[in-house]
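This report concerns only the one structure given below.
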Amino acid sequence: MIHVDNIVVEISQRRILDGVSFTAHPGQVTAIIGPNGSGKSTLMKALCRDYVFSGTISINGRDVASMDLGTAATMRAVLPQSSTLPFPFTVREVVAPGLTAGRPGLSLSALRRLPDEALARVDLSGFGGRFYGELSGGEQQRVQLARVICRVWEPVLDGVPRFLFLDEPVSSLDIKHQLMIMDVARQFAASGGGVIAILHDLNLAAMYADQIVAIRNGAVAGAGTPAEVLTDSLIAEVFDCPMRVGALPAGNIPFVLPQSAQRFVAAAPQSKVA
Amino acid sequence: MPESEVQAVRDYAVIYNIRLPRMIPGVLIGAALAVSGLLMQGLFRNPLADPGLVGVSAGAGLGAVGIIVLGTTMLAPLTALLGIYALQIASFIGGLITTFILYRVATRSGQTAIATMLLAGIALGALAGAVTGVLVYVANDAQLRDLTFWGMGSLSGANWTKIMASGPIIVAALAVSAFLGKGLNALTPGEATAGHLGVRVQGFKRVVIVAVAAATGASVAVSGGIGFVGIVVPHLLRLVIGPDHRYLLPASALLGASFLLMTDAVSRLIVAPAELPIGIVTAAVGGPFFLWILLRKQRPW
């Protein structure tokens with residue numbers, strides 16, 4: 001379980017996060033939503049201890065601020081928004097957990113199979129020998145996800161759940177691969193791990209998240225199940241934009257339809273086409 | 001004494017007094033420069049970083065020139081205190097300060113912009129060069145001749161005393177570097193990711209900077225600034241064995257040692273019986289090579 005209690009982050013005397021609290025459970029996907037500049041990425045960086053924060057964050061009961069970096073690395077893996085590599089690594093070298101510091105605690109033969117299995121999960125079988133720098137942005141993002149899931153290959157290790165932190169995991173992906181990546185996250189949670197993902201697509205959040213935490217101006221504007229958080233009034237308030245929320249009949253999953261403010265303004269007289 | 005014994009004594013003298021004191025520093029300095037280049041490239045996440053190119057050698061040179069020119073006057077207590085290590089330690093400190101300033105200026109939130117790094121390197125190199133110039137200006141004739149040859153980079157001034165002073169520092173820096181491969185790999189996607197993987201990034205960077213300054217400083221103290229070894233060697237190896245630092249580190253040390261030994265032989269033979277400063281030979285090879293790298297930069301490396 002990840003417990004975030006009253007987190008405050010200040011960067012050059014500007015308060016970016018102002019008392020954020022929530023709990024992310026293993027076995028669940030927790031989606032963090034909110035407009036640009038609301039503090040989502042700062043929250044992610046606080047979770048990873050990239051930023052100094054006040055308040056407490058604990059993973060499985062252990063304080064993150066005082067945790068050894070190596071221990072933290074075994075408990076959670078972090079997918080950054082994007083990664084460029086200055087040197088010509090192949091895809092398999094990027095994914096292989098042996099390339100970077102630390103070991104994910106697997107037998108040697110399992111370790112050797114791991115990169116290709118992970119690549120298969122993100123629909124990149126056969127890409128192992130390609131150069132990372134020659135892939136498209138979306139493919140690089142999937143390679144990075146494969147690298148990250150290699151770090152926490154067993155969602156539960158020695159009875160302790162592990163976590164995936166995903167910072168906009170689907171932002172540069174086509175629709176098929178958006179769903180595929182979210183399926184990977186979903187499967188990780190179904191096997192007992194926990195996922196915290198920053199998402200911009202509210203419908204993906206509705207479809208895949210067990211819990212949604214909505215952030216606005218550095219504070220939690222609402223938290224709960226998708227049906228609790230994704231309401232006309234809350235979403236319109238968080239994003240400062242008119243929206244309509246409907247519900248799919250099966251499973252009562254909400255869906256969100258953005259309403260263009262322009263549509264309701266009387267159409268301006270059109271200029272004649274010459 | 002029979003002719004054969006005379007021959008043996010002469011051979012011994014040539015090998016022990018002339019060849020070896022040049023080859024040993026050649027091997028050590030070649031390895032030190034290549035590994036320093038590789039370490040800087042990993043630290044700055046940039047394949048164009050090189051101690052000679054970004055002012056670190058100039059900073060180390062300033063430290064050394066300071067000792068050569070002022071060692072008997074203003075800095076006499078320091079030379080007395082440090083003995084044969086004075087030159088090495090002064091250039092180590094010069095290199096350390098330059099590397100540290102360069103890193104602080106060129107790196108913002110874990111990302112180093114190549115333009116900033118090269119420009120900051122030019123500025124630091126010019127600054128170190130200016131102060132060095134002042135020192136050269138006040139130097140006497142004997143010092144001046146030393147400085148001129150030393151400044152172009154040459155192994156001709158090497159002797160056993162210098163080997164005893166610089167050798168252990170270079171060997172120590174190389175030994176430490178051998179353990180930095182995994183960390184440099186983790187650093188490749190950026191400092192934040194390295195931290196997430198469990199690397200203590202700040203401490204790791206400090207070790208890298210000290211290793212670079214030690215290896216470069218101890219090399220510069222013996223041979224002056226020898227450019228381009230640090231960029232040519234790791235780059236060639238990356239093309240052949242790939243960018244994994246665990247293999248690149250030992251391979252760079254070996255190829256760097258061979259490369260400098262070879263260029264030193266060329267520098268001795270090409271205008272024999274006179275000799276060319278080795279820095280001219282490495283620059284003649286390295287300059288075009290560097291331009292070639294820039295021209296094919298549309299590739300991902």
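So you can find residues: chains in the structure tokens are A, B, ... in the order shown, residues in each start at 1, and ligands are numbered from 1 in order.
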
Worksheet entry | Interface, chain A side, toward chain B (6 Å; only C-alpha atoms) as an NGL selection string | :A and (69-70 or 73 or 83-88 or 100-101 or 133)

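One finds atom CA of B:Ile226 at 8.2 Å from atom CA of B:Ile280.
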
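Here atom CA of A:Ile215 is placed at a distance of 7.1 Å from atom CA of A:Ile32.
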
Practice prompt. Could you give me the residues within stretch 81-245 of chain A that DSSP places in helix (DSSP H, G or I), as an MDAnalysis selection string?
Written response: chainID A and resid 91:95 108:121 132:134 137:151 175:190 202:208 226:229 232:239

Worksheet entry | Test item: residues at most 7 Å from stretch 123-130 of chain A, only C-alpha atoms, excluding those fewer than 3 positions along its chain, as an NGL selection string | :A and (90-92 or 116 or 119-120)

Item to complete: From a DSSP pass on the backbone, collect the residues of stretch 124-168 of chain A flagged as strand (DSSP E or B) and hand them back as a ChimeraX atom specification.
Response: /A:131,156-157,160-161,163-167

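Coordinates place atom CA of A:Asn203 at a distance of 13.2 Å from atom CA of A:Thr225.
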
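The residue that comes closest to A:Val195, out of A:Leu135, A:Val95, A:Ala24, A:Val238 and on the basis of only C-alpha atoms, is A:Ala24.
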